[in-house]
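Undergrad: This is final-v4.cif, which holds mmCIF, C-alpha atoms:
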data_coords
#
loop_
_atom_site.group_PDB
_atom_site.id
_atom_site.type_symbol
_atom_site.label_atom_id
_atom_site.label_comp_id
_atom_site.auth_asym_id
_atom_site.auth_seq_id
_atom_site.Cartn_x
_atom_site.Cartn_y
_atom_site.Cartn_z
ATOM 1 C CA MET A 1 168.656 20.361 140.687
ATOM 2 C CA ILE A 2 165.920 21.233 138.154
ATOM 3 C CA LEU A 3 165.443 24.639 139.782
ATOM 4 C CA ARG A 4 169.170 25.378 139.725
ATOM 5 C CA LEU A 5 169.366 24.391 136.047
ATOM 6 C CA ALA A 6 166.382 26.623 135.233
ATOM 7 C CA CYS A 7 168.035 29.509 137.094
ATOM 8 C CA ALA A 8 171.351 29.014 135.275
ATOM 9 C CA LEU A 9 169.624 28.923 131.876
ATOM 10 C CA GLY A 10 167.538 31.944 132.860
ATOM 11 C CA ILE A 11 170.653 33.921 133.805
ATOM 12 C CA ALA A 12 172.319 33.068 130.481
ATOM 13 C CA ALA A 13 169.171 34.080 128.561
ATOM 14 C CA GLN A 14 168.915 37.416 130.379
ATOM 15 C CA LEU A 15 172.600 38.176 129.756
ATOM 16 C CA VAL A 16 171.991 37.639 126.031
ATOM 17 C CA LEU A 17 169.005 40.017 126.241
ATOM 18 C CA LEU A 18 171.096 42.629 128.075
ATOM 19 C CA ASP A 19 173.764 42.382 125.367
ATOM 20 C CA LEU A 20 171.106 43.149 122.746
ATOM 21 C CA LEU A 21 169.627 46.052 124.719
ATOM 22 C CA LEU A 22 172.968 47.686 125.521
ATOM 23 C CA ARG A 23 174.832 46.982 122.250
ATOM 24 C CA PRO A 24 172.260 46.475 119.486
ATOM 25 C CA SER A 25 173.869 45.044 116.350
ATOM 26 C CA GLY A 26 173.403 42.239 113.857
ATOM 27 C CA ARG A 27 175.553 39.947 116.003
ATOM 28 C CA SER A 28 173.593 40.547 119.205
ATOM 29 C CA ALA A 29 170.277 40.199 117.339
ATOM 30 C CA ILE A 30 171.395 36.819 115.963
ATOM 31 C CA LEU A 31 172.422 35.708 119.469
ATOM 32 C CA PHE A 32 169.133 36.936 120.907
ATOM 33 C CA THR A 33 167.026 35.160 118.271
ATOM 34 C CA PHE A 34 168.848 31.868 117.898
ATOM 35 C CA VAL A 35 170.498 31.407 121.322
ATOM 36 C CA GLY A 36 168.638 33.564 123.844
ATOM 37 C CA SER A 37 165.122 32.563 122.825
ATOM 38 C CA PRO A 38 165.717 28.775 123.084
ATOM 39 C CA LEU A 39 167.513 29.370 126.398
ATOM 40 C CA VAL A 40 164.624 31.321 127.895
ATOM 41 C CA ALA A 41 162.141 28.741 126.575
ATOM 42 C CA ALA A 42 164.125 25.910 128.204
ATOM 43 C CA ALA A 43 164.457 27.883 131.466
ATOM 44 C CA VAL A 44 160.731 28.611 131.610
ATOM 45 C CA LEU A 45 159.821 24.977 130.850
ATOM 46 C CA LEU A 46 162.149 23.690 133.582
ATOM 47 C CA ALA A 47 160.822 26.246 136.067
ATOM 48 C CA MET A 48 157.258 25.180 135.253
ATOM 49 C CA LEU A 49 158.229 21.516 135.631
ATOM 50 C CA TRP A 50 159.751 22.281 139.063
ATOM 51 C CA ALA A 51 156.654 24.257 140.071
ATOM 52 C CA LEU A 52 154.335 21.412 138.988
ATOM 53 C CA ARG A 53 156.359 18.877 140.963
ATOM 54 C CA VAL A 54 156.330 21.040 144.098
ATOM 55 C CA PHE A 55 152.630 21.727 143.644
ATOM 56 C CA GLY A 56 151.955 17.981 143.267
ATOM 57 C CA ARG A 57 154.052 17.174 146.344
ATOM 58 C CA ASN A 58 152.247 19.802 148.442
ATOM 59 C CA ARG A 59 148.882 18.487 147.251
ATOM 60 C CA ARG A 60 149.787 14.902 148.100
ATOM 61 C CA ALA A 61 151.064 15.984 151.529
ATOM 62 C CA LYS A 62 147.795 17.828 152.178
ATOM 63 C CA LEU A 63 145.753 14.765 151.138
ATOM 64 C CA ASP A 64 147.866 12.494 153.348
ATOM 65 C CA ARG A 65 147.429 14.851 156.287
ATOM 66 C CA GLY A 66 143.667 14.894 155.686
ATOM 67 C CA ASP A 67 143.573 11.084 155.599
ATOM 68 C CA ARG A 68 145.588 10.941 158.825
ATOM 69 C CA ASP A 69 143.337 13.488 160.514
ATOM 70 C CA ARG A 70 140.240 11.564 159.422
ATOM 71 C CA GLY A 71 141.830 8.329 160.621
ATOM 72 C CA ALA A 72 142.678 9.868 163.998
ATOM 73 C CA GLY A 73 139.127 11.237 164.259
ATOM 74 C CA SER A 74 137.524 7.877 163.594
ATOM 75 C CA VAL A 75 139.795 6.162 166.180
ATOM 76 C CA GLY A 76 138.845 8.799 168.752
ATOM 77 C CA ALA A 77 135.126 8.322 168.020
ATOM 78 C CA GLY A 78 135.409 4.545 168.359
ATOM 79 C CA MET B 1 180.132 66.950 106.299
ATOM 80 C CA ASN B 2 178.881 65.960 109.721
ATOM 81 C CA GLY B 3 175.836 67.967 110.821
ATOM 82 C CA GLU B 4 177.383 68.694 114.213
ATOM 83 C CA ASP B 5 180.286 70.514 112.526
ATOM 84 C CA LEU B 6 177.872 72.943 110.854
ATOM 85 C CA GLY B 7 176.133 74.089 114.020
ATOM 86 C CA PRO B 8 173.115 73.211 116.155
ATOM 87 C CA LEU B 9 170.642 73.924 113.342
ATOM 88 C CA PHE B 10 171.968 70.913 111.442
ATOM 89 C CA VAL B 11 171.857 68.475 114.330
ATOM 90 C CA ARG B 12 168.999 66.023 114.119
ATOM 91 C CA PRO B 13 166.462 66.555 116.935
ATOM 92 C CA ALA B 14 166.876 64.014 119.720
ATOM 93 C CA ASP B 15 164.489 61.091 119.371
ATOM 94 C CA PRO B 16 165.156 58.945 122.426
ATOM 95 C CA HIS B 17 163.149 55.833 123.071
ATOM 96 C CA TYR B 18 163.153 54.233 126.448
ATOM 97 C CA LEU B 19 162.162 50.679 125.598
ATOM 98 C CA TRP B 20 165.691 49.443 126.187
ATOM 99 C CA ILE B 21 165.725 50.916 129.709
ATOM 100 C CA PHE B 22 162.467 49.140 130.536
ATOM 101 C CA GLY B 23 163.845 45.896 129.078
ATOM 102 C CA ALA B 24 167.120 46.270 130.984
ATOM 103 C CA VAL B 25 165.283 46.824 134.293
ATOM 104 C CA LEU B 26 163.171 43.716 133.653
ATOM 105 C CA ALA B 27 166.255 41.693 132.718
ATOM 106 C CA GLY B 28 167.983 42.904 135.895
ATOM 107 C CA ALA B 29 165.016 41.781 138.025
ATOM 108 C CA CYS B 30 165.041 38.375 136.295
ATOM 109 C CA LEU B 31 168.790 38.053 136.880
ATOM 110 C CA ALA B 32 168.343 38.812 140.583
ATOM 111 C CA ALA B 33 165.514 36.265 140.935
ATOM 112 C CA ALA B 34 167.478 33.593 139.062
ATOM 113 C CA ALA B 35 170.661 34.290 141.049
ATOM 114 C CA ILE B 36 168.776 33.875 144.343
ATOM 115 C CA GLY B 37 167.265 30.601 143.115
ATOM 116 C CA LEU B 38 170.652 29.372 141.900
ATOM 117 C CA VAL B 39 172.411 30.121 145.192
ATOM 118 C CA ARG B 40 169.672 28.945 147.571
ATOM 119 C CA GLY B 41 168.510 25.991 145.476
ATOM 120 C CA ARG B 42 164.913 26.551 146.585
ATOM 121 C CA THR B 43 162.275 29.236 146.304
ATOM 122 C CA SER B 44 158.528 29.665 146.666
ATOM 123 C CA LEU B 45 155.991 28.789 143.986
ATOM 124 C CA ALA B 46 155.118 32.473 143.679
ATOM 125 C CA GLY B 47 158.808 33.332 143.309
ATOM 126 C CA VAL B 48 159.214 30.850 140.458
ATOM 127 C CA SER B 49 155.994 31.929 138.740
ATOM 128 C CA VAL B 50 157.018 35.573 138.746
ATOM 129 C CA GLY B 51 160.835 35.533 138.691
ATOM 130 C CA LEU B 52 161.490 32.572 136.421
ATOM 131 C CA VAL B 53 158.404 32.402 134.198
ATOM 132 C CA ALA B 54 156.376 35.617 133.855
ATOM 133 C CA LEU B 55 159.128 38.251 134.060
ATOM 134 C CA PRO B 56 161.621 36.489 131.723
ATOM 135 C CA LEU B 57 158.924 35.944 129.097
ATOM 136 C CA PHE B 58 157.818 39.573 129.373
ATOM 137 C CA ALA B 59 161.450 40.732 129.168
ATOM 138 C CA TYR B 60 161.873 38.732 125.954
ATOM 139 C CA VAL B 61 158.675 40.240 124.490
ATOM 140 C CA ILE B 62 160.199 43.669 125.190
ATOM 141 C CA GLY B 63 163.436 42.421 123.585
ATOM 142 C CA TYR B 64 161.578 41.397 120.429
ATOM 143 C CA LEU B 65 159.779 44.758 120.244
ATOM 144 C CA PHE B 66 163.134 46.482 120.705
ATOM 145 C CA VAL B 67 164.840 44.486 117.964
ATOM 146 C CA LEU B 68 161.910 45.025 115.567
ATOM 147 C CA ASP B 69 162.376 48.766 115.967
ATOM 148 C CA GLU B 70 166.158 48.829 116.230
ATOM 149 C CA SER B 71 166.653 46.727 113.089
ATOM 150 C CA LYS B 72 165.251 49.603 110.999
ATOM 151 C CA ARG B 73 168.322 51.697 111.691
ATOM 152 C CA VAL B 74 171.033 52.130 109.068
ATOM 153 C CA GLY B 75 173.708 51.498 111.699
ATOM 154 C CA PHE B 76 172.114 48.153 112.508
ATOM 155 C CA CYS B 77 172.179 47.078 108.835
ATOM 156 C CA GLY B 78 175.807 48.159 108.580
ATOM 157 C CA SER B 79 176.785 46.240 111.705
ATOM 158 C CA CYS B 80 176.975 42.980 109.729
ATOM 159 C CA HIS B 81 180.505 43.841 108.793
ATOM 160 C CA GLU B 82 181.295 41.306 106.110
ATOM 161 C CA THR B 83 178.292 41.835 103.877
ATOM 162 C CA MET B 84 176.423 45.058 104.490
ATOM 163 C CA SER B 85 178.992 47.556 105.726
ATOM 164 C CA PRO B 86 180.375 48.394 102.218
ATOM 165 C CA ILE B 87 176.849 49.122 100.995
ATOM 166 C CA VAL B 88 176.084 51.350 103.976
ATOM 167 C CA ALA B 89 179.434 53.129 103.618
ATOM 168 C CA ALA B 90 178.787 53.707 99.904
ATOM 169 C CA ILE B 91 175.454 55.418 100.565
ATOM 170 C CA ALA B 92 177.281 58.373 102.096
ATOM 171 C CA THR B 93 180.431 58.338 99.945
ATOM 172 C CA ASP B 94 179.184 57.395 96.473
ATOM 173 C CA THR B 95 177.629 60.058 94.247
ATOM 174 C CA GLU B 96 176.097 58.177 91.321
ATOM 175 C CA SER B 97 174.059 55.299 92.711
ATOM 176 C CA LEU B 98 170.344 55.753 93.282
ATOM 177 C CA SER B 99 170.661 55.185 97.027
ATOM 178 C CA ALA B 100 173.425 57.805 97.314
ATOM 179 C CA ILE B 101 171.393 60.322 95.312
ATOM 180 C CA HIS B 102 168.398 59.825 97.617
ATOM 181 C CA TRP B 103 170.673 60.032 100.679
ATOM 182 C CA GLY B 104 172.369 63.211 99.468
ATOM 183 C CA LYS B 105 169.081 64.951 98.717
ATOM 184 C CA GLY B 106 167.629 63.945 102.067
ATOM 185 C CA ALA B 107 164.871 62.094 100.209
ATOM 186 C CA VAL B 108 165.245 59.210 102.637
ATOM 187 C CA ASP B 109 165.468 59.403 106.407
ATOM 188 C CA HIS B 110 169.145 59.102 107.373
ATOM 189 C CA VAL B 111 168.248 56.927 110.349
ATOM 190 C CA THR B 112 166.097 54.333 108.571
ATOM 191 C CA ALA B 113 167.132 54.711 104.915
ATOM 192 C CA CYS B 114 167.743 50.994 104.220
ATOM 193 C CA TYR B 115 164.427 49.980 105.742
ATOM 194 C CA GLN B 116 162.538 52.751 103.971
ATOM 195 C CA CYS B 117 163.393 51.447 100.489
ATOM 196 C CA HIS B 118 163.720 47.724 101.210
ATOM 197 C CA SER B 119 160.618 47.213 103.348
ATOM 198 C CA GLY B 120 158.131 47.410 100.510
ATOM 199 C CA TYR B 121 154.866 49.281 100.776
ATOM 200 C CA GLY B 122 152.193 48.919 103.471
ATOM 201 C CA ILE B 123 151.920 46.439 106.319
ATOM 202 C CA TRP B 124 152.812 43.406 104.194
ATOM 203 C CA GLY B 125 155.919 45.239 103.072
ATOM 204 C CA ALA B 126 156.956 45.482 106.726
ATOM 205 C CA VAL B 127 156.188 41.795 107.284
ATOM 206 C CA GLY B 128 158.209 40.898 104.194
ATOM 207 C CA ALA B 129 161.128 43.015 105.432
ATOM 208 C CA LYS B 130 161.161 41.189 108.767
ATOM 209 C CA ARG B 131 161.033 37.822 106.993
ATOM 210 C CA ALA B 132 163.922 38.938 104.785
ATOM 211 C CA GLY B 133 165.792 40.024 107.920
ATOM 212 C CA MET B 134 165.475 36.500 109.318
ATOM 213 C CA THR B 135 166.936 35.038 106.123
ATOM 214 C CA HIS B 136 169.780 37.588 106.337
ATOM 215 C CA MET B 137 170.516 36.285 109.847
ATOM 216 C CA LEU B 138 170.503 32.678 108.631
ATOM 217 C CA HIS B 139 172.805 33.569 105.731
ATOM 218 C CA THR B 140 175.169 35.277 108.192
ATOM 219 C CA ILE B 141 175.215 32.272 110.554
ATOM 220 C CA THR B 142 175.733 29.724 107.777
ATOM 221 C CA LYS B 143 178.122 32.036 105.905
ATOM 222 C CA SER B 144 176.146 31.322 102.755
ATOM 223 C CA TYR B 145 176.082 34.812 101.265
ATOM 224 C CA GLU B 146 177.029 34.768 97.613
ATOM 225 C CA PHE B 147 178.923 37.720 96.199
ATOM 226 C CA PRO B 148 178.141 39.936 94.399
ATOM 227 C CA LEU B 149 174.980 40.432 96.429
ATOM 228 C CA LYS B 150 171.747 40.325 94.424
ATOM 229 C CA THR B 151 168.123 40.977 95.293
ATOM 230 C CA ARG B 152 165.889 37.922 95.206
ATOM 231 C CA GLY B 153 163.409 38.622 92.436
ATOM 232 C CA PRO B 154 162.494 42.048 91.110
ATOM 233 C CA PHE B 155 162.653 45.027 93.449
ATOM 234 C CA ASP B 156 159.182 46.042 94.662
ATOM 235 C CA VAL B 157 158.438 49.053 92.460
ATOM 236 C CA ASN B 158 155.707 50.102 94.916
ATOM 237 C CA SER B 159 158.479 51.139 97.304
ATOM 238 C CA CYS B 160 159.480 53.791 94.784
ATOM 239 C CA LEU B 161 155.915 54.691 93.816
ATOM 240 C CA GLY B 162 154.927 55.165 97.460
ATOM 241 C CA CYS B 163 156.855 58.456 97.400
ATOM 242 C CA HIS B 164 157.177 59.291 93.684
ATOM 243 C CA ALA B 165 153.801 58.453 92.137
ATOM 244 C CA GLU B 166 152.094 61.587 93.368
ATOM 245 C CA THR B 167 154.823 64.101 92.563
ATOM 246 C CA GLU B 168 154.345 66.481 89.649
ATOM 247 C CA ALA B 169 157.855 65.902 88.323
ATOM 248 C CA PHE B 170 157.361 62.135 88.168
ATOM 249 C CA ARG B 171 153.972 62.446 86.456
ATOM 250 C CA ALA B 172 155.296 64.881 83.885
ATOM 251 C CA VAL B 173 157.852 62.402 82.492
ATOM 252 C CA GLU B 174 156.582 61.047 79.185
ATOM 253 C CA ASP B 175 157.978 57.548 79.722
ATOM 254 C CA HIS B 176 156.134 57.236 83.029
ATOM 255 C CA GLN B 177 152.839 57.838 81.170
ATOM 256 C CA ASP B 178 153.433 54.952 78.741
ATOM 257 C CA ARG B 179 150.760 52.362 79.627
ATOM 258 C CA GLU B 180 152.818 49.469 78.288
ATOM 259 C CA LEU B 181 155.791 50.452 80.414
ATOM 260 C CA GLN B 182 153.552 50.926 83.446
ATOM 261 C CA GLY B 183 152.176 47.402 83.017
ATOM 262 C CA ALA B 184 155.644 45.919 82.691
ATOM 263 C CA MET B 185 156.780 47.717 85.820
ATOM 264 C CA LEU B 186 153.788 46.731 87.912
ATOM 265 C CA THR B 187 154.195 43.053 86.992
ATOM 266 C CA GLY B 188 157.876 43.187 87.940
ATOM 267 C CA GLU B 189 158.971 42.524 84.361
ATOM 268 C CA ILE B 190 161.215 45.578 84.446
ATOM 269 C CA GLY B 191 162.391 47.806 87.271
ATOM 270 C CA CYS B 192 163.279 51.454 87.687
ATOM 271 C CA THR B 193 167.024 50.820 87.688
ATOM 272 C CA GLY B 194 169.040 49.639 84.721
ATOM 273 C CA ASP B 195 168.099 51.335 81.448
ATOM 274 C CA CYS B 196 166.373 54.397 82.885
ATOM 275 C CA HIS B 197 167.877 55.078 86.315
ATOM 276 C CA PRO B 198 171.281 54.239 87.807
ATOM 277 C CA ALA B 199 171.839 51.092 89.890
ATOM 278 C CA ALA B 200 170.636 51.264 93.492
ATOM 279 C CA HIS B 201 174.113 50.562 94.877
ATOM 280 C CA PRO B 202 177.560 50.723 93.249
ATOM 281 C CA GLU B 203 178.784 47.336 92.020
ATOM 282 C CA SER B 204 181.984 47.766 94.029
ATOM 283 C CA ALA B 205 179.974 47.686 97.272
ATOM 284 C CA LEU B 206 178.244 44.383 96.515
ATOM 285 C CA ASN B 207 181.260 42.143 97.023
ATOM 286 C CA GLY B 208 181.585 42.306 100.788
ATOM 287 C CA VAL B 209 184.378 43.847 102.821
ATOM 288 C CA GLY B 210 187.086 41.891 101.060
ATOM 289 C CA GLY B 211 185.725 42.585 97.575
ATOM 290 C CA ALA B 212 187.581 44.671 95.032
ATOM 291 C CA GLY B 213 186.629 48.332 95.212
ATOM 292 C CA ALA B 214 184.837 48.165 98.559
ATOM 293 C CA PRO B 215 184.709 51.655 100.102
ATOM 294 C CA GLU B 216 187.607 52.356 102.459
ATOM 295 C CA ALA B 217 185.188 53.330 105.262
ATOM 296 C CA ALA B 218 183.833 49.777 105.325
ATOM 297 C CA ARG B 219 187.172 48.031 105.782
#
What would the structure in this file look like if it were written as structure tokens?
TA:
Amino acid sequence: MILRLACALGIAAQLVLLDLLLRPSGRSAILFTFVGSPLVAAAVLLAMLWALRVFGRNRRAKLDRGDRDRGAGSVGAG
Amino acid sequence: MNGEDLGPLFVRPADPHYLWIFGAVLAGACLAAAAIGLVRGRTSLAGVSVGLVALPLFAYVIGYLFVLDESKRVGFCGSCHETMSPIVAAIATDTESLSAIHWGKGAVDHVTACYQCHSGYGIWGAVGAKRAGMTHMLHTITKSYEFPLKTRGPFDVNSCLGCHAETEAFRAVEDHQDRELQGAMLTGEIGCTGDCHPAAHPESALNGVGGAGAPEAAR
């Protein structure tokens, strides 16, 4: 859900940027500054939040697997 | 008369800049990455780091560089229809205002004329112009422009002196050699326009598009 929201915000932000690049005017500059920039900031923050959560989950899974392997090893040795 | 009507000698040499193409390619890549993430609902850590964090931020840096450069153009200033377009239209159609005189003589670059006079002198002049541009944006959003338009504080006389101070004609004028007058000008007490030189822009152009006497080209 977080990733999808980040992607949606990112798409909106890039469309605002494209509008500025293809039709530069006062209106598109105002949109870029006051709408696009907050959108891209929110998208990047959400993407980083998603990445941190996935990274944390992977790390926990690796630790759990290590614990299990150690546990299995000690049982075998006994 | 339009330069193109007079022949190729009068056409301004092409000065393309490709920053917008680079920005558009980056934005396209970001759009593709975000669309894949949106449809699939999952992606790799590397995909997120590049496609949703690094590239979008870089694309926006390019966007800011683009807008810093693009906002120097006369067409960009005139694109705020309600407020600025009568002033920009008057530069080319008026004959008496200081801006029109400079425009007609080619004393200012026809691409960046507004920025050239209103940016002040040196690097801090450019910083001040960008800060002023932000306040223009805020005024446009909040619709808080007051007509007739006025400059905030005295016009930076160094903008004029940057070009004029070293010319023989300017130095030869007796009034310009008056130390008292020089002091008053440098402290912002008096400006170039008013008693000595004509107003920078015609009064009719300072009332917005709907104002009385706004040039027809701006409507």
Undergrad: Show me which bits of chain A are within 10 Å of chain B, counting only C-alpha atoms, as a PyMOL selection string.
TA: chain A and resi 1-22+24-34+36-37+40-41+43-48+50-52+54-55
Undergrad: So how far away is CA of Val74 in chain B from CA of Ala89 in chain B, in Å?
TA: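 Interatomic distance, CA of Ala89 in chain B to CA of Val74 in chain B: 10.1 Å.
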Undergrad: What does the PyMOL selection byres ((chain B and resi 181-196) around 9) select in this file, as an NGL selection string?
TA: :B and (98 or 153-158 or 160 or 175-180 or 197-200)
